[in-house]
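The next block is input01.pdb, given as PDB, C-alpha atoms and all ligand atoms.
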ATOM      1  CA  MET A  21       7.876 -28.225  -9.084
ATOM      2  CA  SER A  22      10.729 -25.857  -8.380
ATOM      3  CA  LYS A  23      10.405 -22.511 -10.168
ATOM      4  CA  LYS A  24      12.981 -19.913 -11.155
ATOM      5  CA  VAL A  25      11.962 -16.720  -9.389
ATOM      6  CA  LEU A  26      13.316 -13.249 -10.156
ATOM      7  CA  ILE A  27      12.571 -10.500  -7.632
ATOM      8  CA  ILE A  28      13.166  -6.937  -8.813
ATOM      9  CA  SER A  29      13.393  -4.493  -5.917
ATOM     10  CA  SER A  30      13.256  -0.920  -7.206
ATOM     11  CA  SER A  31      13.182   1.302  -4.135
ATOM     12  CA  PRO A  32      16.283   3.414  -3.635
ATOM     13  CA  ARG A  33      16.046   2.445   0.060
ATOM     14  CA  LYS A  34      17.856  -0.848   0.709
ATOM     15  CA  GLY A  35      16.159  -2.466   3.684
ATOM     16  CA  GLY A  36      13.194  -0.125   3.208
ATOM     17  CA  ASN A  37       9.564  -1.170   3.190
ATOM     18  CA  SER A  38       9.204  -2.713  -0.266
ATOM     19  CA  ASP A  39      12.719  -4.191  -0.139
ATOM     20  CA  THR A  40      11.845  -5.879   3.175
ATOM     21  CA  LEU A  41       8.718  -7.364   1.590
ATOM     22  CA  CYS A  42      10.893  -8.642  -1.263
ATOM     23  CA  ASP A  43      13.128 -10.358   1.304
ATOM     24  CA  GLU A  44      10.116 -11.984   2.959
ATOM     25  CA  PHE A  45       8.744 -13.157  -0.400
ATOM     26  CA  LYS A  46      12.203 -14.552  -1.173
ATOM     27  CA  ARG A  47      12.419 -16.358   2.178
ATOM     28  CA  GLY A  48       9.036 -17.996   1.575
ATOM     29  CA  ALA A  49       9.813 -18.982  -2.005
ATOM     30  CA  GLU A  50      13.196 -20.453  -1.018
ATOM     31  CA  GLU A  51      11.746 -22.400   1.897
ATOM     32  CA  ALA A  52       9.262 -23.921  -0.555
ATOM     33  CA  GLY A  53      12.192 -25.161  -2.656
ATOM     34  CA  ASN A  54      12.292 -22.598  -5.446
ATOM     35  CA  LYS A  55      15.411 -21.018  -6.950
ATOM     36  CA  VAL A  56      15.256 -17.317  -6.192
ATOM     37  CA  LYS A  57      17.342 -14.389  -7.418
ATOM     38  CA  LYS A  58      16.763 -10.893  -6.064
ATOM     39  CA  LEU A  59      18.018  -7.773  -7.831
ATOM     40  CA  PHE A  60      18.320  -4.390  -6.156
ATOM     41  CA  LEU A  61      18.045  -1.931  -9.037
ATOM     42  CA  LYS A  62      19.893   0.914  -7.306
ATOM     43  CA  ASP A  63      23.027  -1.262  -7.426
ATOM     44  CA  LYS A  64      22.708  -1.446 -11.215
ATOM     45  CA  ASN A  65      23.698   0.924 -13.960
ATOM     46  CA  ILE A  66      20.625   1.337 -16.191
ATOM     47  CA  ASN A  67      20.401   4.252 -18.594
ATOM     48  CA  TYR A  68      17.168   5.652 -19.982
ATOM     49  CA  CYS A  69      15.780   4.285 -23.235
ATOM     50  CA  VAL A  70      16.681   6.838 -25.891
ATOM     51  CA  GLY A  71      13.906   5.816 -28.286
ATOM     52  CA  CYS A  72      16.371   5.371 -31.164
ATOM     53  CA  GLY A  73      14.289   2.542 -32.651
ATOM     54  CA  VAL A  74      17.350   0.507 -33.651
ATOM     55  CA  CYS A  75      16.018  -2.458 -31.644
ATOM     56  CA  ASN A  76      13.000  -2.614 -33.962
ATOM     57  CA  GLN A  77      15.397  -3.649 -36.737
ATOM     58  CA  THR A  78      18.046  -5.594 -34.826
ATOM     59  CA  GLY A  79      16.256  -6.991 -31.760
ATOM     60  CA  ASN A  80      19.068  -5.623 -29.619
ATOM     61  CA  CYS A  81      19.578  -2.465 -27.605
ATOM     62  CA  THR A  82      22.498  -0.279 -28.647
ATOM     63  CA  GLN A  83      23.302   0.693 -25.050
ATOM     64  CA  LYS A  84      25.867  -1.283 -23.088
ATOM     65  CA  ASP A  85      25.006  -1.267 -19.400
ATOM     66  CA  ASP A  86      23.379  -3.616 -16.859
ATOM     67  CA  ALA A  87      19.922  -3.643 -18.479
ATOM     68  CA  ASP A  88      20.599  -6.465 -20.952
ATOM     69  CA  GLU A  89      21.615  -8.913 -18.238
ATOM     70  CA  ILE A  90      18.524  -8.074 -16.190
ATOM     71  CA  VAL A  91      16.259  -8.493 -19.218
ATOM     72  CA  ASN A  92      17.885 -11.881 -19.877
ATOM     73  CA  ASN A  93      17.149 -12.811 -16.250
ATOM     74  CA  MET A  94      13.506 -11.865 -16.877
ATOM     75  CA  ILE A  95      13.397 -13.997 -20.017
ATOM     76  CA  ASN A  96      14.822 -16.988 -18.117
ATOM     77  CA  ALA A  97      12.567 -16.720 -15.043
ATOM     78  CA  ASP A  98       9.298 -18.587 -14.474
ATOM     79  CA  VAL A  99       8.104 -16.037 -11.941
ATOM     80  CA  ILE A 100       8.813 -12.288 -11.893
ATOM     81  CA  VAL A 101       8.166 -10.187  -8.795
ATOM     82  CA  MET A 102       8.139  -6.427  -9.377
ATOM     83  CA  ALA A 103       8.328  -4.243  -6.278
ATOM     84  CA  SER A 104       8.067  -0.476  -6.036
ATOM     85  CA  PRO A 105       7.300   2.251  -3.549
ATOM     86  CA  VAL A 106       4.404   4.468  -4.607
ATOM     87  CA  TYR A 107       5.994   7.699  -5.793
ATOM     88  CA  PHE A 108       3.501  10.416  -6.685
ATOM     89  CA  TYR A 109       0.865   7.728  -7.151
ATOM     90  CA  THR A 110       2.813   5.891  -9.816
ATOM     91  CA  ILE A 111       6.035   3.814  -9.525
ATOM     92  CA  SER A 112       9.694   4.493  -8.875
ATOM     93  CA  ALA A 113      11.801   5.969 -11.656
ATOM     94  CA  GLN A 114      14.194   3.041 -11.258
ATOM     95  CA  MET A 115      11.458   0.519 -12.136
ATOM     96  CA  LYS A 116      10.093   2.603 -15.017
ATOM     97  CA  THR A 117      13.586   2.990 -16.456
ATOM     98  CA  LEU A 118      14.076  -0.784 -16.426
ATOM     99  CA  ILE A 119      10.652  -1.379 -17.987
ATOM    100  CA  ASP A 120      11.501   0.959 -20.864
ATOM    101  CA  ARG A 121      14.803  -0.798 -21.398
ATOM    102  CA  THR A 122      13.073  -4.168 -21.927
ATOM    103  CA  CYS A 123      11.933  -2.719 -25.257
ATOM    104  CA  ALA A 124      14.321  -4.682 -27.496
ATOM    105  CA  LYS A 125      13.439  -8.088 -26.043
ATOM    106  CA  HIS A 126      10.094  -7.623 -24.330
ATOM    107  CA  ARG A 127       8.339 -10.109 -26.642
ATOM    108  CA  GLN A 128      10.739 -12.763 -25.333
ATOM    109  CA  ILE A 129       9.416 -12.241 -21.796
ATOM    110  CA  LYS A 130       6.602 -14.710 -22.297
ATOM    111  CA  ASN A 131       4.490 -17.126 -20.222
ATOM    112  CA  LYS A 132       5.618 -15.531 -16.938
ATOM    113  CA  GLU A 133       3.770 -15.472 -13.661
ATOM    114  CA  PHE A 134       3.799 -11.989 -12.132
ATOM    115  CA  TYR A 135       3.536 -10.724  -8.566
ATOM    116  CA  PHE A 136       3.495  -7.030  -7.661
ATOM    117  CA  ILE A 137       4.584  -5.506  -4.356
ATOM    118  CA  LEU A 138       3.678  -1.895  -3.581
ATOM    119  CA  THR A 139       4.267   0.221  -0.502
ATOM    120  CA  ALA A 140       2.710   3.609   0.251
ATOM    121  CA  ALA A 141       2.294   6.058   3.088
ATOM    122  CA  ASP A 142      -1.369   6.445   2.134
ATOM    123  CA  SER A 143      -3.728   4.242   4.137
ATOM    124  CA  ARG A 144      -6.266   3.650   1.341
ATOM    125  CA  PRO A 145      -5.878   0.467  -0.771
ATOM    126  CA  GLU A 146      -7.284   2.360  -3.774
ATOM    127  CA  SER A 147      -4.302   4.727  -3.575
ATOM    128  CA  LEU A 148      -2.222   1.949  -5.172
ATOM    129  CA  ILE A 149      -4.384   1.556  -8.260
ATOM    130  CA  ARG A 150      -2.366   3.817 -10.558
ATOM    131  CA  SER A 151       0.853   2.090  -9.563
ATOM    132  CA  ILE A 152      -0.664  -1.322 -10.258
ATOM    133  CA  GLU A 153      -1.835  -0.019 -13.624
ATOM    134  CA  CYS A 154       1.766   1.003 -14.404
ATOM    135  CA  PHE A 155       2.800  -2.622 -13.955
ATOM    136  CA  ARG A 156      -0.196  -3.815 -15.941
ATOM    137  CA  GLY A 157       0.656  -1.445 -18.766
ATOM    138  CA  PHE A 158       3.972  -3.251 -19.005
ATOM    139  CA  THR A 159       2.622  -6.807 -18.713
ATOM    140  CA  SER A 160      -0.110  -6.045 -21.265
ATOM    141  CA  CYS A 161       2.665  -5.705 -23.868
ATOM    142  CA  LEU A 162       4.041  -9.185 -23.136
ATOM    143  CA  ILE A 163       2.993 -12.595 -24.430
ATOM    144  CA  ASN A 164       0.752 -14.577 -22.077
ATOM    145  CA  PRO A 165       1.528 -12.904 -18.735
ATOM    146  CA  VAL A 166      -0.335 -14.335 -15.753
ATOM    147  CA  GLU A 167      -0.919 -11.963 -12.845
ATOM    148  CA  LYS A 168      -0.846 -14.110  -9.723
ATOM    149  CA  GLY A 169      -0.798 -11.777  -6.745
ATOM    150  CA  ILE A 170      -0.431  -8.262  -5.396
ATOM    151  CA  ILE A 171       0.797  -7.100  -1.994
ATOM    152  CA  TYR A 172      -0.940  -3.852  -1.033
ATOM    153  CA  ALA A 173       1.195  -2.400   1.746
ATOM    154  CA  ASN A 174      -0.503   0.796   2.869
ATOM    155  CA  SER A 175       0.293   3.038   5.845
ATOM    156  CA  ALA A 176       4.041   2.498   5.543
ATOM    157  CA  TRP A 177       5.998   5.737   5.427
ATOM    158  CA  ASN A 178       9.278   5.524   7.297
ATOM    159  CA  MET A 179      11.907   2.797   7.011
ATOM    160  CA  GLY A 180      10.800   0.015   9.327
ATOM    161  CA  ASP A 181       7.093   0.875   9.339
ATOM    162  CA  ILE A 182       6.515  -2.310   7.375
ATOM    163  CA  ASN A 183       7.561  -4.405  10.354
ATOM    164  CA  GLU A 184       4.291  -3.433  12.036
ATOM    165  CA  ASN A 185       2.298  -4.266   8.907
ATOM    166  CA  GLN A 186       0.430  -7.521   8.278
ATOM    167  CA  THR A 187       1.803  -7.628   4.740
ATOM    168  CA  ILE A 188       5.095  -8.949   6.126
ATOM    169  CA  GLU A 189       3.459 -12.335   6.716
ATOM    170  CA  GLU A 190       1.448 -12.039   3.519
ATOM    171  CA  ALA A 191       4.649 -11.599   1.471
ATOM    172  CA  TYR A 192       6.218 -14.663   3.106
ATOM    173  CA  ARG A 193       3.100 -16.756   2.450
ATOM    174  CA  MET A 194       2.754 -15.513  -1.113
ATOM    175  CA  GLY A 195       6.378 -16.468  -1.764
ATOM    176  CA  PHE A 196       5.884 -19.858  -0.158
ATOM    177  CA  ASN A 197       2.784 -20.583  -2.254
ATOM    178  CA  ILE A 198       3.967 -19.629  -5.715
TER     179      ILE A 198
HETATM  180  C1  LIG B 201       9.508  10.961  -3.890
HETATM  181  C2  LIG B 201       8.471  10.288  -3.039
HETATM  182  C3  LIG B 201       7.151  10.292  -3.471
HETATM  183  C4  LIG B 201       6.171   9.662  -2.711
HETATM  184  N1  LIG B 201       4.879   9.688  -3.157
HETATM  185  C5  LIG B 201       3.925   9.073  -2.412
HETATM  186  C6  LIG B 201       2.583   9.076  -2.864
HETATM  187  O1  LIG B 201       2.241   9.627  -3.914
HETATM  188  N2  LIG B 201       1.657   8.443  -2.081
HETATM  189  C7  LIG B 201       1.982   7.804  -0.923
HETATM  190  O2  LIG B 201       1.095   7.242  -0.280
HETATM  191  N3  LIG B 201       3.264   7.762  -0.498
HETATM  192  C8  LIG B 201       4.232   8.381  -1.219
HETATM  193  N4  LIG B 201       5.542   8.343  -0.784
HETATM  194  C9  LIG B 201       5.883   7.535   0.407
HETATM  195  C10 LIG B 201       6.421   6.158   0.026
HETATM  196  O3  LIG B 201       5.576   5.498  -0.885
HETATM  197  C11 LIG B 201       6.531   5.323   1.297
HETATM  198  O4  LIG B 201       7.456   5.926   2.172
HETATM  199  C12 LIG B 201       6.957   3.893   0.984
HETATM  200  O5  LIG B 201       6.810   3.084   2.135
HETATM  201  C13 LIG B 201       8.390   3.847   0.527
HETATM  202  O6  LIG B 201       8.745   2.499   0.266
HETATM  203  P1  LIG B 201      10.280   2.057   0.347
HETATM  204  O7  LIG B 201      10.671   2.093   1.807
HETATM  205  O8  LIG B 201      10.262   0.684  -0.201
HETATM  206  O9  LIG B 201      11.072   3.010  -0.461
HETATM  207  C14 LIG B 201       6.517   8.994  -1.502
HETATM  208  C15 LIG B 201       7.863   8.994  -1.085
HETATM  209  C16 LIG B 201       8.822   9.648  -1.840
HETATM  210  C17 LIG B 201      10.266   9.632  -1.376
END
Could I get this file's structure written as structure tokens?
Amino acid sequence: MSKKVLIISSSPRKGGNSDTLCDEFKRGAEEAGNKVKKLFLKDKNINYCVGCGVCNQTGNCTQKDDADEIVNNMINADVIVMASPVYFYTISAQMKTLIDRTCAKHRQIKNKEFYFILTAADSRPESLIRSIECFRGFTSCLINPVEKGIIYANSAWNMGDINENQTIEEAYRMGFNI
């Protein structure tokens, strides 16, 4: 069955390590016949959540920027892929900003399958744990999320390092097998 896949690439480096893994996941998922949309967050205008609380009453965010369209894409997807570089052992500010802006509609992001992609200079797989927990903190607030897979891309520092990394093939295969 063809699935609607949304890939959210949050590194500020287009063509960087995590963005390249997103492309490989996309290639695999498309070759398997799925409908895939990839978003590069740096191209989007997403303001910080201001914590006004209006959405608790209205179900809508008061801010008018690109966040609402992205959140609607999340609501409409079957599969959501969230990709981030490890920044100070957590996630990118771009991804965290988007997560906060799902606040108004996050209960509508339900029954989704999730994949996480993380890249880090650190060579230890356990160095990604806090970043994974950032994603899990988000998904734990949703209705019936299903965590399906994680790409642990360690030892990738400079742009292009990922091309020498086995996770390139893993990302393609994971995309193909969703
Ligand atoms: C601001 C900043 C903070 C970083 N913090 C860490 C870190 O805490 N641990 C680590 O292993 N790598 C860290 N890195 C390295 C990146 O995680 C690494 O270069 C990664 O491959 C970047 O992925 P990208 O090419 O998708 O942006 C940091 C890089 C930057 C720019």
Shell around Val25 of chain A at 12 Å using only C-alpha atoms, local window under 6 positions removed, as a PyMOL selection string: chain A and resi 42+45-50+52-59+93-102+132-135+195-196+198
Neighbour list for segment 70-84 of chain A as a PyMOL selection string, cut-off 9 Å, all atoms listed in the file, skip fewer than 5 positions in-chain: chain A and resi 121-125
Residue subset to file, keeping C-alpha atoms, as an mmCIF file, in the coordinates of the input:
data_model
loop_
_atom_site.group_PDB
_atom_site.id
_atom_site.type_symbol
_atom_site.label_atom_id
_atom_site.label_comp_id
_atom_site.auth_asym_id
_atom_site.auth_seq_id
_atom_site.Cartn_x
_atom_site.Cartn_y
_atom_site.Cartn_z
ATOM 1 C CA ARG A 121 14.803 -0.798 -21.398
ATOM 2 C CA THR A 122 13.073 -4.168 -21.927
ATOM 3 C CA CYS A 123 11.933 -2.719 -25.257
ATOM 4 C CA ALA A 124 14.321 -4.682 -27.496
ATOM 5 C CA LYS A 125 13.439 -8.088 -26.043
#
Within 12 Å of ligand LIG 201 (chain B), counting all atoms listed in the file, residues as number ranges by chain: A: 28-43, 60, 62, 102-115, 137-151, 172-183, 185
Pairwise distance for atom CA of Cys69 of chain A and atom CA of Gln128 of chain A, rounded to one decimal in Å: 17.9 Å
Point-to-point distance in Å for atom CA of Leu118 of chain A and atom CA of Tyr68 of chain A: 8.0 Å
Separation of atom CA of Ile27 of chain A from atom CA of Gln186 of chain A, in Å and rounded to one decimal: 20.2 Å
Each side padded by 8 Å, which centre and which edge lengths in Å (one decimal) define the axis-aligned box around the listed atoms of segment 57-62 of chain A? Give them as JSON.
{"center_x": 18.3, "center_y": -6.7, "center_z": -7.6, "size_x": 19.1, "size_y": 31.3, "size_z": 19.0}
Output of the PyMOL selection byres (((chain A and resi 127) around 8) and not hetatm), listed as a PyMOL selection string: chain A and resi 125-126+128-130+161-163
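In terms of minimum interatomic distance to Lys116 of chain A, A:Cys154 ranks closest within A:Met21, A:Cys154, A:Ala191, A:Ile90, counting all atoms listed in the file.
Nearest residue to Val166 of chain A among A:Phe136, A:Lys64, A:Asp88, A:Lys24 is A:Phe136, counting all atoms listed in the file.
Taking only C-alpha atoms into account, Thr159 of chain A lies nearest to A:Ile119 out of the set A:Ile119, A:Glu184, A:Glu189, A:Asn197.
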For Glu167 of chain A, the nearest of the candidates A:Thr117, A:Asn131, A:Asn65, A:Ser22, counting all atoms listed in the file: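 Once distances to Glu167 of chain A are computed over all atoms listed in the file, the minimum belongs to A:Asn131.
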